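K.L.:
Have a look at the structure that comes next, please.
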Amino acid sequence: MCSDSPAGFAETDVLVRDYFDRGGQPAICYGVVSGGVLVHSAGFGARFVGGPPPDAGTVFRIASMSKSFTAAAIMLLRDEGRLALDDLAEKYVPELAGWPPVSPDADRVTIRHLLTMTAGFPTDDPWGDRQQGLPLDAFASLLASGVRFNWAPGTRFEYSNLGYAILGRVVAAASEVPYDVFIRERLLAPLGMTRTGFDASEFPADGLAVGHRRGPAGWAELPFDPYGAFAPMGGVFSCVRDLAVWVSGFESAFPPTETGAGVSHPLRPASRREMQLPQAVTGWRAAQRLPGGGPTGPAYYGFGLFADEDPALGRVVSHSGGYPGFGSNMRWHAATGLGVIALGNATYAAMSTLAALVLEALLPRSAAYHVALSPAEPEEPQSAATALGGVPWPETLAAMAAANDLLQSWDDAAADALFCENVALDSPYPERRRVIGLIRDRIGDFGVDTERAPESDTPAHRRWWLTGPGGTTQAQLQLNPEHPPRVQSLTLAIPPAIGSALAGALESLIGWMNSGASEWPSSLAVAPGADADLVARRLRMAAVWAGPAVAGAYRAGDGNASASVELVGEHATVILSVLVNPATGELRQADVSV
């Protein structure tokens with residue numbers, strides 16, 4: 001471990017160490033901000049193979065946290081009168097002028113729509129991540145060809161990397177300098193953020209964290225993508241020390257002062273506050289019908305930042321980043337000025353979960369809310385459309401049919417025709433064939449479950465179930481916003497193998513829930529750092545709610561360390577999510593949801 005702070009943060013160091021030991025990434029660096037300064041930082045693991053642990057100056061790719069820099073640039077230009085938030089985006093990006101309206105009465109796309117992710121574009125993770133180095137002329141051609149919309153502009157939130165890439169074009173057009181030059185000269189230089197930039201070559205190799213993905217043989221290093229047209233959505237490199245300055249700038253904007261004095265910052269306090277105010281509802285937390293469940297209520301997006309109104313904690317502002325090779329999160333608590341930054345060097349490393357755990361550990365505890373054993377949250381949020389549903393595009397239905405053909409008889413040429421280029425990069429075809437083989441080994445020869453209707457969260461999304469003699473598991477795909485659209489992700493839940501540590505943990509938990517016993521099952525050890533009492537309370541309440549239950553369809557999981565499975569009970573169905581140490585069988589996480 002590498003630590004740059006006093007012993008007063010020993011508890012959070014232990015928490016982060018325990019999280020690191022779960023093996024989700026080769027290295028983690030985290031920092032705590034209070035009173036406008038970095039008061040603690042520590043690093044675990046190795047920034048590259050054979051290298052030292054990361055420290056506060058080690059540079060990571062921060063992925064979608066970059067969006068806050070792009071939003072700040074737009075606000076600077078707004079304050080200088082070079083643009084208005086309700087200007088049509090096509091005023092600055094002429095390729096958009098040729099787009100037909102989504103409907104005869106729909107609005108055209110504005111800068112505000114792009115900032116708040118209400119332009120109507122489909123969610124484009126992970127396709128957008130792989131467009132990072134797209135040349136500007138190729139991006140112009142992509143835009144000129146048109147894109148697909150899920151919704152009319154201004155009607156619904158849906159997370160979009162494409163929208164922030166377009167904002168980068170707006171920044172360049174309104175400022176009359178390249179996007180990266182504007183960010184460097186107008187934001188980074190005035191704030192003294194000297195270890196923040198847009199290309200890995202800007203930093204000494206020994207001070208740079210290398211990205212990794214986990215393959216069948218273990219961790220594999222990934223090359224750095226170059227700077228390109230999608231940098232405004234995820235191209236920034238930075239470190240805990242510089243990001244502490246960035247976070248402090250937002251924290252210091254509250255509360256407004258009578259004199260207007262405050263920290264020196266290129267963006268005025270009122271605009272920094274505006275970025276952190278709710279602008280669009282991203283979705284509603286599912287109503288927790290289980291007693292003692294987490295808080296309910298809406299979540300919001302501001303300008304390049306999420307603004308979460310938590311009933312127990314108050315406002316928490318944040319943004320995460322997920323990218324091939326990296327995961328990141330920054331979050332802060334407006335009422336106390338406490339902030340946390342967490343950076344990891346593995347593909348889509350779940351740093352938002354870790355940062356939330358650390359922030360909660362530093363804040364006054366609430367008896368009503370505790371996230372210590374919540375399952376890892378996705379690095380990018382689910383759209384508000386999840387609750388509202390959507391009529392799938394014809395291309396989405398055709399893609400599902402083509403995907404089912406691939407699952408029965410894989411053909412690389414057919415996969416190339418169906419998928420975006422990112423699919424083979426994110427998980428090579430041999431690994432995908434291996435996953436299909438594992439599913440067939442564990443549930444038998446499978447086909448589409450005709451007894452359970454497919455679902456679509458948005459027009460570009462489809463979820464369905466595969467069933468065989470040994471069980472049922474979930475498949476889902478997402479199309480990208482190109483015209484015509486292609487499949488950017490195909491994910492399959494892998495059931496655990498019979499006799500594995502994961503299968504044993506699920507069997508022990510379900511048996512214990514059905515038994516009504518008060519004592520924790522002796523067959524299931526709990527890993528150090530996990531709160532067994534909290535897990536037991538939640539599972540007992542779920543057992544009362546659902547009644548005697550049996551395992552149903554698998555909803556998620558890698559089949560080795562993690563699984564989410566439906567528990568079909570006498571009175572209700574709940575979802576049990578677990579994470580185990582596959583080597584020891586110890587339970588690391590467990591939770592239930594409805």
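Labels for the structure tokens follow display order: chains A, B, ..., residues from 1 in each chain, ligands from 1.
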List every residue of region 153-225 of chain A that has an atom at most 10 Å from any atom of region 69-82 of chain A, and for each one report the closest atom pair and its distance in Å to one decimal, counting only C-alpha atoms, with rows sorted by chain and then by increasing residue number, as a tab-separated table.

P.N.:
residue	atom	partner	partner_atom	distance
A:Tyr164	CA	A:Thr70	CA	7.4
A:Ala165	CA	A:Thr70	CA	9.1
A:Leu167	CA	A:Thr70	CA	7.2
A:Gly168	CA	A:Thr70	CA	6.8
A:Val170	CA	A:Ile74	CA	8.1
A:Val171	CA	A:Ile74	CA	6.3
A:Ala172	CA	A:Ala73	CA	9.9
A:Ala173	CA	A:Arg82	CA	9.8
A:Ala174	CA	A:Arg82	CA	6.0
A:Ser175	CA	A:Leu77	CA	7.3
A:Tyr179	CA	A:Thr70	CA	8.8
A:Asp180	CA	A:Thr70	CA	9.7
A:Phe182	CA	A:Ala73	CA	7.7
A:Ile183	CA	A:Ala73	CA	6.8
A:Arg186	CA	A:Ala73	CA	8.0
A:Leu187	CA	A:Ala73	CA	7.8
A:Leu188	CA	A:Phe69	CA	9.3

K.L.:
Region 11-220 of chain A: which residues are helix (DSSP H, G or I) by DSSP, as an MDAnalysis selection string?

P.N.:
chainID A and resid 11:21 63:79 89:91 94:98 111:116 128:131 136:144 161:175 179:191 200:202 205:207

K.L.:
Using only C-alpha atoms for the distances, tell me which of A:Val59, A:Val594, A:Ala349, A:Ala413 is nearest to Leu567 (chain A).

P.N.:
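The shortest atom-to-atom distance to Leu567 (chain A) comes from A:Val594.
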
K.L.:
Go ahead and compute the interatomic distance for CA of Pro496 (chain A) and CA of Leu539 (chain A), in Å to one decimal.

P.N.:
20.5 Å

K.L.:
If we count only C-alpha atoms and set the cut-off at 10 Å, which residues sit around Asn480 (chain A), ignoring sequence neighbours fewer than 6 positions away in its own chain? Please answer as a compact mmCIF listing (two decimals) with all heavy atoms, in the first residue's frame.

P.N.:
# COMPACT_ATOMS: atom_id res chain seq x y z
N PHE A 121 -31.07 10.26 -28.01
CA PHE A 121 -30.21 9.23 -28.58
C PHE A 121 -30.26 7.95 -27.75
O PHE A 121 -30.43 8.00 -26.53
CB PHE A 121 -28.75 9.70 -28.63
CG PHE A 121 -28.53 10.98 -29.38
CD1 PHE A 121 -27.61 11.92 -28.93
CD2 PHE A 121 -29.23 11.27 -30.55
CE1 PHE A 121 -27.39 13.10 -29.61
CE2 PHE A 121 -29.02 12.45 -31.25
CZ PHE A 121 -28.10 13.36 -30.77
N PRO A 122 -30.04 6.79 -28.38
CA PRO A 122 -29.95 5.55 -27.60
C PRO A 122 -28.69 5.52 -26.74
O PRO A 122 -27.66 6.10 -27.10
CB PRO A 122 -29.87 4.46 -28.68
CG PRO A 122 -30.29 5.11 -29.95
CD PRO A 122 -29.96 6.56 -29.82
N THR A 123 -28.77 4.84 -25.61
CA THR A 123 -27.57 4.57 -24.82
C THR A 123 -26.53 3.91 -25.72
O THR A 123 -26.85 2.98 -26.47
CB THR A 123 -27.91 3.63 -23.65
OG1 THR A 123 -28.85 4.28 -22.80
CG2 THR A 123 -26.67 3.28 -22.86
N ASP A 124 -25.28 4.39 -25.64
CA ASP A 124 -24.28 3.90 -26.58
C ASP A 124 -23.02 3.37 -25.91
O ASP A 124 -21.93 3.43 -26.48
CB ASP A 124 -23.92 4.99 -27.60
CG ASP A 124 -23.51 6.30 -26.93
OD1 ASP A 124 -23.43 6.35 -25.69
OD2 ASP A 124 -23.27 7.28 -27.65
N ASP A 125 -23.15 2.87 -24.69
CA ASP A 125 -22.07 2.10 -24.10
C ASP A 125 -22.26 0.65 -24.57
O ASP A 125 -23.38 0.15 -24.52
CB ASP A 125 -22.13 2.10 -22.57
CG ASP A 125 -21.85 3.48 -22.00
OD1 ASP A 125 -20.99 4.18 -22.53
OD2 ASP A 125 -22.51 3.84 -21.01
N PRO A 126 -21.23 -0.05 -24.97
CA PRO A 126 -19.82 0.34 -25.02
C PRO A 126 -19.33 0.82 -26.38
O PRO A 126 -18.15 1.06 -26.55
CB PRO A 126 -19.13 -0.96 -24.63
CG PRO A 126 -20.00 -2.01 -25.25
CD PRO A 126 -21.41 -1.50 -25.17
N TRP A 127 -20.24 0.94 -27.36
CA TRP A 127 -19.82 1.41 -28.69
C TRP A 127 -19.09 2.74 -28.61
O TRP A 127 -18.03 2.92 -29.20
CB TRP A 127 -21.05 1.52 -29.59
CG TRP A 127 -20.80 2.22 -30.90
CD1 TRP A 127 -20.25 1.68 -32.02
CD2 TRP A 127 -21.10 3.59 -31.22
NE1 TRP A 127 -20.18 2.62 -33.02
CE2 TRP A 127 -20.70 3.80 -32.55
CE3 TRP A 127 -21.67 4.65 -30.51
CZ2 TRP A 127 -20.85 5.03 -33.20
CZ3 TRP A 127 -21.82 5.87 -31.14
CH2 TRP A 127 -21.42 6.06 -32.46
N GLY A 128 -19.66 3.69 -27.85
CA GLY A 128 -19.07 5.02 -27.78
C GLY A 128 -17.65 5.01 -27.25
O GLY A 128 -16.81 5.82 -27.67
N VAL A 147 -28.44 9.74 -37.44
CA VAL A 147 -28.42 8.81 -36.32
C VAL A 147 -29.84 8.38 -36.01
O VAL A 147 -30.80 9.00 -36.45
CB VAL A 147 -27.77 9.44 -35.06
CG1 VAL A 147 -26.33 9.87 -35.33
CG2 VAL A 147 -28.59 10.63 -34.55
N ARG A 148 -29.97 7.31 -35.22
CA ARG A 148 -31.27 6.85 -34.79
C ARG A 148 -31.63 7.47 -33.44
O ARG A 148 -30.76 7.69 -32.60
CB ARG A 148 -31.28 5.32 -34.66
CG ARG A 148 -31.22 4.59 -35.98
CD ARG A 148 -32.42 4.89 -36.88
NE ARG A 148 -33.68 4.51 -36.30
CZ ARG A 148 -34.27 3.33 -36.52
NH1 ARG A 148 -33.70 2.44 -37.30
NH2 ARG A 148 -35.42 3.04 -35.95
N PHE A 149 -32.90 7.74 -33.25
CA PHE A 149 -33.42 8.30 -32.01
C PHE A 149 -34.30 7.27 -31.32
O PHE A 149 -35.08 6.57 -31.98
CB PHE A 149 -34.25 9.55 -32.27
CG PHE A 149 -33.46 10.78 -32.61
CD1 PHE A 149 -32.94 10.97 -33.88
CD2 PHE A 149 -33.25 11.76 -31.65
CE1 PHE A 149 -32.22 12.10 -34.20
CE2 PHE A 149 -32.52 12.91 -31.95
CZ PHE A 149 -32.00 13.07 -33.23
N LEU A 162 -22.52 9.92 -27.41
CA LEU A 162 -22.59 10.66 -28.66
C LEU A 162 -22.93 12.13 -28.41
O LEU A 162 -22.34 13.03 -29.02
CB LEU A 162 -23.64 10.02 -29.58
CG LEU A 162 -23.96 10.78 -30.88
CD1 LEU A 162 -22.74 10.83 -31.78
CD2 LEU A 162 -25.13 10.12 -31.60
N PHE A 419 -22.47 -7.28 -35.40
CA PHE A 419 -21.92 -6.49 -34.30
C PHE A 419 -21.15 -5.26 -34.78
O PHE A 419 -20.55 -5.26 -35.86
CB PHE A 419 -20.95 -7.34 -33.47
CG PHE A 419 -21.57 -8.50 -32.75
CD1 PHE A 419 -20.92 -9.73 -32.68
CD2 PHE A 419 -22.81 -8.39 -32.14
CE1 PHE A 419 -21.47 -10.81 -32.01
CE2 PHE A 419 -23.38 -9.46 -31.48
CZ PHE A 419 -22.71 -10.67 -31.41
N CYS A 420 -21.11 -4.25 -33.91
CA CYS A 420 -20.16 -3.16 -34.05
C CYS A 420 -18.75 -3.71 -33.79
O CYS A 420 -18.58 -4.75 -33.17
CB CYS A 420 -20.44 -2.05 -33.04
SG CYS A 420 -22.07 -1.34 -33.11
N ALA A 460 -34.03 0.49 -28.51
CA ALA A 460 -32.77 -0.10 -28.97
C ALA A 460 -32.32 -1.26 -28.10
O ALA A 460 -31.22 -1.78 -28.30
CB ALA A 460 -31.68 0.98 -28.99
N HIS A 461 -33.14 -1.71 -27.17
CA HIS A 461 -32.74 -2.74 -26.19
C HIS A 461 -33.69 -3.92 -26.25
O HIS A 461 -34.89 -3.78 -26.52
CB HIS A 461 -32.76 -2.13 -24.79
CG HIS A 461 -32.61 -3.14 -23.68
ND1 HIS A 461 -33.70 -3.71 -23.04
CD2 HIS A 461 -31.51 -3.70 -23.11
CE1 HIS A 461 -33.27 -4.55 -22.12
NE2 HIS A 461 -31.95 -4.57 -22.14
N ARG A 486 -26.35 -0.96 -35.28
CA ARG A 486 -25.76 -2.29 -35.14
C ARG A 486 -25.73 -2.67 -33.67
O ARG A 486 -25.89 -1.81 -32.79
CB ARG A 486 -24.35 -2.32 -35.72
CG ARG A 486 -24.28 -2.10 -37.22
CD ARG A 486 -22.85 -2.12 -37.72
NE ARG A 486 -22.09 -0.97 -37.25
CZ ARG A 486 -20.76 -0.89 -37.24
NH1 ARG A 486 -20.04 -1.93 -37.65
NH2 ARG A 486 -20.15 0.20 -36.82
N VAL A 487 -25.50 -3.95 -33.39
CA VAL A 487 -25.46 -4.43 -32.01
C VAL A 487 -24.12 -4.03 -31.39
O VAL A 487 -23.06 -4.39 -31.89
CB VAL A 487 -25.64 -5.95 -31.95
CG1 VAL A 487 -25.43 -6.47 -30.52
CG2 VAL A 487 -27.02 -6.35 -32.46
N GLN A 488 -24.20 -3.27 -30.28
CA GLN A 488 -22.98 -2.85 -29.59
C GLN A 488 -22.68 -3.70 -28.37
O GLN A 488 -21.56 -3.69 -27.86
CB GLN A 488 -23.07 -1.39 -29.17
CG GLN A 488 -24.22 -1.10 -28.21
CD GLN A 488 -24.22 0.33 -27.72
OE1 GLN A 488 -23.17 0.85 -27.35
NE2 GLN A 488 -25.38 0.96 -27.72
N SER A 489 -23.66 -4.45 -27.87
CA SER A 489 -23.40 -5.34 -26.73
C SER A 489 -24.36 -6.51 -26.76
O SER A 489 -25.54 -6.36 -27.09
CB SER A 489 -23.51 -4.60 -25.40
OG SER A 489 -24.84 -4.19 -25.15

K.L.:
To one decimal in Å, tell me the separation between CA of Gln589 (chain A) and CA of Trp545 (chain A).

P.N.:
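Rounded to one decimal, the two atoms are 20.7 Å apart.
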
K.L.:
Between A:Leu142, A:Ala453, A:Val245, A:Met351, single out the one closest to Ala189 (chain A), counting only C-alpha atoms.

P.N.:
A:Val245

K.L.:
Would you list the contacts of region 468-470 of chain A as a CSV table (one decimal) with C-alpha atoms, in the first residue's frame, taking every protein, DNA or RNA residue within 8 Å and counting only C-alpha atoms, but skipping same-chain residues closer than 3 positions in sequence?

P.N.:
chain,number,residue,atom,x,y,z
A,442,ARG,CA,-24.7,-25.9,-17.2
A,443,ILE,CA,-28.3,-25.8,-18.4
A,444,GLY,CA,-28.1,-28.2,-21.3
A,445,ASP,CA,-29.1,-27.6,-24.9
A,446,PHE,CA,-31.1,-24.4,-24.8
A,447,GLY,CA,-33.5,-22.4,-26.8

K.L.:
Asp107 (chain A): which residues within 12 Å, counting only C-alpha atoms, same-chain residues fewer than 4 positions away excluded, as a list in words?

P.N.:
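Here the qualifying residues turn out to be Asp86, Asp87, Leu88, Ala89, Trp99, Pro100, Pro101, Val102, Ser103, Arg112, His113, Thr118, Ala119, Gly120, Trp151, Ala152, Pro153, Gly154 and Thr155 of chain A.
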
K.L.:
Go ahead and save the residues from that selection, with all heavy atoms, as a short mmCIF file (atom, residue, chain, number, x, y, z; two decimals), in the first residue's frame.

P.N.:
data_model
loop_
_atom_site.label_atom_id
_atom_site.label_comp_id
_atom_site.auth_asym_id
_atom_site.auth_seq_id
_atom_site.Cartn_x
_atom_site.Cartn_y
_atom_site.Cartn_z
N ASP A 86 -30.02 27.21 -25.08
CA ASP A 86 -31.16 26.81 -25.90
C ASP A 86 -30.94 27.03 -27.39
O ASP A 86 -31.88 26.89 -28.18
CB ASP A 86 -32.42 27.53 -25.42
CG ASP A 86 -32.86 27.06 -24.03
OD1 ASP A 86 -32.85 25.84 -23.80
OD2 ASP A 86 -33.16 27.90 -23.17
N ASP A 87 -29.70 27.34 -27.77
CA ASP A 87 -29.36 27.37 -29.20
C ASP A 87 -29.51 25.97 -29.79
O ASP A 87 -29.23 24.96 -29.13
CB ASP A 87 -27.90 27.80 -29.39
CG ASP A 87 -27.68 29.29 -29.22
OD1 ASP A 87 -28.67 30.04 -29.19
OD2 ASP A 87 -26.51 29.71 -29.11
N LEU A 88 -29.90 25.92 -31.06
CA LEU A 88 -29.89 24.64 -31.76
C LEU A 88 -28.45 24.19 -31.94
O LEU A 88 -27.58 24.98 -32.32
CB LEU A 88 -30.57 24.76 -33.11
CG LEU A 88 -32.07 25.07 -33.11
CD1 LEU A 88 -32.59 25.10 -34.54
CD2 LEU A 88 -32.84 24.05 -32.29
N ALA A 89 -28.20 22.92 -31.69
CA ALA A 89 -26.85 22.39 -31.85
C ALA A 89 -26.37 22.52 -33.29
O ALA A 89 -25.17 22.70 -33.54
CB ALA A 89 -26.80 20.93 -31.39
N TRP A 99 -30.61 16.39 -40.43
CA TRP A 99 -31.37 15.31 -39.78
C TRP A 99 -32.87 15.58 -39.89
O TRP A 99 -33.33 16.69 -39.58
CB TRP A 99 -31.00 15.23 -38.31
CG TRP A 99 -29.63 14.73 -38.03
CD1 TRP A 99 -28.69 14.32 -38.94
CD2 TRP A 99 -29.02 14.59 -36.74
NE1 TRP A 99 -27.54 13.93 -38.30
CE2 TRP A 99 -27.71 14.09 -36.96
CE3 TRP A 99 -29.44 14.84 -35.44
CZ2 TRP A 99 -26.83 13.83 -35.90
CZ3 TRP A 99 -28.59 14.58 -34.39
CH2 TRP A 99 -27.29 14.09 -34.62
N PRO A 100 -33.66 14.60 -40.31
CA PRO A 100 -35.11 14.81 -40.32
C PRO A 100 -35.64 14.86 -38.89
O PRO A 100 -35.05 14.28 -37.98
CB PRO A 100 -35.63 13.58 -41.06
CG PRO A 100 -34.57 12.54 -40.84
CD PRO A 100 -33.26 13.27 -40.78
N PRO A 101 -36.75 15.54 -38.64
CA PRO A 101 -37.31 15.58 -37.29
C PRO A 101 -37.77 14.19 -36.86
O PRO A 101 -38.19 13.37 -37.68
CB PRO A 101 -38.48 16.56 -37.42
CG PRO A 101 -38.84 16.53 -38.86
CD PRO A 101 -37.57 16.30 -39.61
N VAL A 102 -37.69 13.94 -35.55
CA VAL A 102 -38.13 12.66 -35.02
C VAL A 102 -39.62 12.47 -35.27
O VAL A 102 -40.09 11.37 -35.55
CB VAL A 102 -37.80 12.56 -33.51
CG1 VAL A 102 -38.31 11.25 -32.92
CG2 VAL A 102 -36.30 12.68 -33.30
N SER A 103 -40.37 13.53 -35.16
CA SER A 103 -41.79 13.56 -35.50
C SER A 103 -42.10 14.97 -35.98
O SER A 103 -41.33 15.90 -35.73
CB SER A 103 -42.66 13.19 -34.29
OG SER A 103 -42.59 14.21 -33.32
N ARG A 112 -28.82 22.43 -24.68
CA ARG A 112 -29.34 21.99 -23.38
C ARG A 112 -29.72 20.50 -23.43
O ARG A 112 -29.45 19.77 -22.48
CB ARG A 112 -30.56 22.83 -22.98
CG ARG A 112 -31.04 22.55 -21.55
CD ARG A 112 -32.29 23.35 -21.23
NE ARG A 112 -32.08 24.78 -21.36
CZ ARG A 112 -31.57 25.55 -20.39
NH1 ARG A 112 -31.23 25.02 -19.23
NH2 ARG A 112 -31.42 26.84 -20.59
N HIS A 113 -30.33 20.07 -24.51
CA HIS A 113 -30.66 18.65 -24.64
C HIS A 113 -29.40 17.79 -24.53
O HIS A 113 -29.38 16.76 -23.86
CB HIS A 113 -31.33 18.36 -25.99
CG HIS A 113 -32.68 18.96 -26.16
ND1 HIS A 113 -33.18 19.38 -27.37
CD2 HIS A 113 -33.66 19.23 -25.26
CE1 HIS A 113 -34.40 19.85 -27.22
NE2 HIS A 113 -34.72 19.77 -25.94
N THR A 118 -30.93 14.55 -22.86
CA THR A 118 -32.33 14.41 -23.25
C THR A 118 -32.50 14.63 -24.75
O THR A 118 -33.60 14.95 -25.21
CB THR A 118 -33.22 15.39 -22.47
OG1 THR A 118 -32.76 16.74 -22.70
CG2 THR A 118 -33.19 15.10 -20.98
N ALA A 119 -31.42 14.45 -25.52
CA ALA A 119 -31.52 14.64 -26.97
C ALA A 119 -32.30 13.53 -27.65
O ALA A 119 -32.74 13.69 -28.78
CB ALA A 119 -30.12 14.74 -27.59
N GLY A 120 -32.47 12.39 -26.95
CA GLY A 120 -33.24 11.28 -27.50
C GLY A 120 -32.41 10.18 -28.11
O GLY A 120 -32.97 9.23 -28.67
N TRP A 151 -36.15 8.58 -28.63
CA TRP A 151 -37.20 9.47 -28.12
C TRP A 151 -37.12 10.82 -28.83
O TRP A 151 -36.07 11.19 -29.37
CB TRP A 151 -37.06 9.70 -26.61
CG TRP A 151 -36.64 8.49 -25.84
CD1 TRP A 151 -35.43 8.27 -25.26
CD2 TRP A 151 -37.42 7.31 -25.59
NE1 TRP A 151 -35.39 7.04 -24.66
CE2 TRP A 151 -36.61 6.42 -24.83
CE3 TRP A 151 -38.72 6.92 -25.90
CZ2 TRP A 151 -37.05 5.18 -24.41
CZ3 TRP A 151 -39.16 5.68 -25.48
CH2 TRP A 151 -38.34 4.83 -24.74
N ALA A 152 -38.20 11.56 -28.78
CA ALA A 152 -38.17 12.94 -29.26
C ALA A 152 -37.29 13.77 -28.34
O ALA A 152 -37.31 13.58 -27.11
CB ALA A 152 -39.58 13.51 -29.31
N PRO A 153 -36.49 14.70 -28.87
CA PRO A 153 -35.64 15.53 -28.02
C PRO A 153 -36.44 16.25 -26.94
O PRO A 153 -37.55 16.74 -27.18
CB PRO A 153 -35.03 16.53 -29.00
CG PRO A 153 -35.00 15.79 -30.31
CD PRO A 153 -36.26 14.97 -30.30
N GLY A 154 -35.87 16.27 -25.74
CA GLY A 154 -36.49 16.98 -24.63
C GLY A 154 -37.54 16.22 -23.87
O GLY A 154 -38.16 16.77 -22.96
N THR A 155 -37.76 14.93 -24.19
CA THR A 155 -38.84 14.20 -23.53
C THR A 155 -38.35 13.19 -22.49
O THR A 155 -39.05 12.93 -21.52
CB THR A 155 -39.70 13.45 -24.56
OG1 THR A 155 -38.89 12.53 -25.30
CG2 THR A 155 -40.37 14.43 -25.51
#

K.L.:
Which of these residues is nearest to Gly228 (chain A), using only C-alpha atoms: A:His571, A:Lys67, A:His333, A:Arg169?

P.N.:
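Once distances to Gly228 (chain A) are computed over only C-alpha atoms, the minimum belongs to A:Arg169.
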
K.L.:
Using backbone DSSP assignments, extract all strand (DSSP E or B) residues from region 477-572 of chain A; output them as an NGL selection string.

P.N.:
:A and (477-479 or 482 or 487-492 or 526 or 549-557 or 562-569)

K.L.:
As a ChimeraX atom specification, please: the residues near Gly471 (chain A) (cut-off 12 Å, only C-alpha atoms, same-chain neighbours under 4 positions excluded).

P.N.:
/A:439-449,465-467,493-498,550-555,565-566
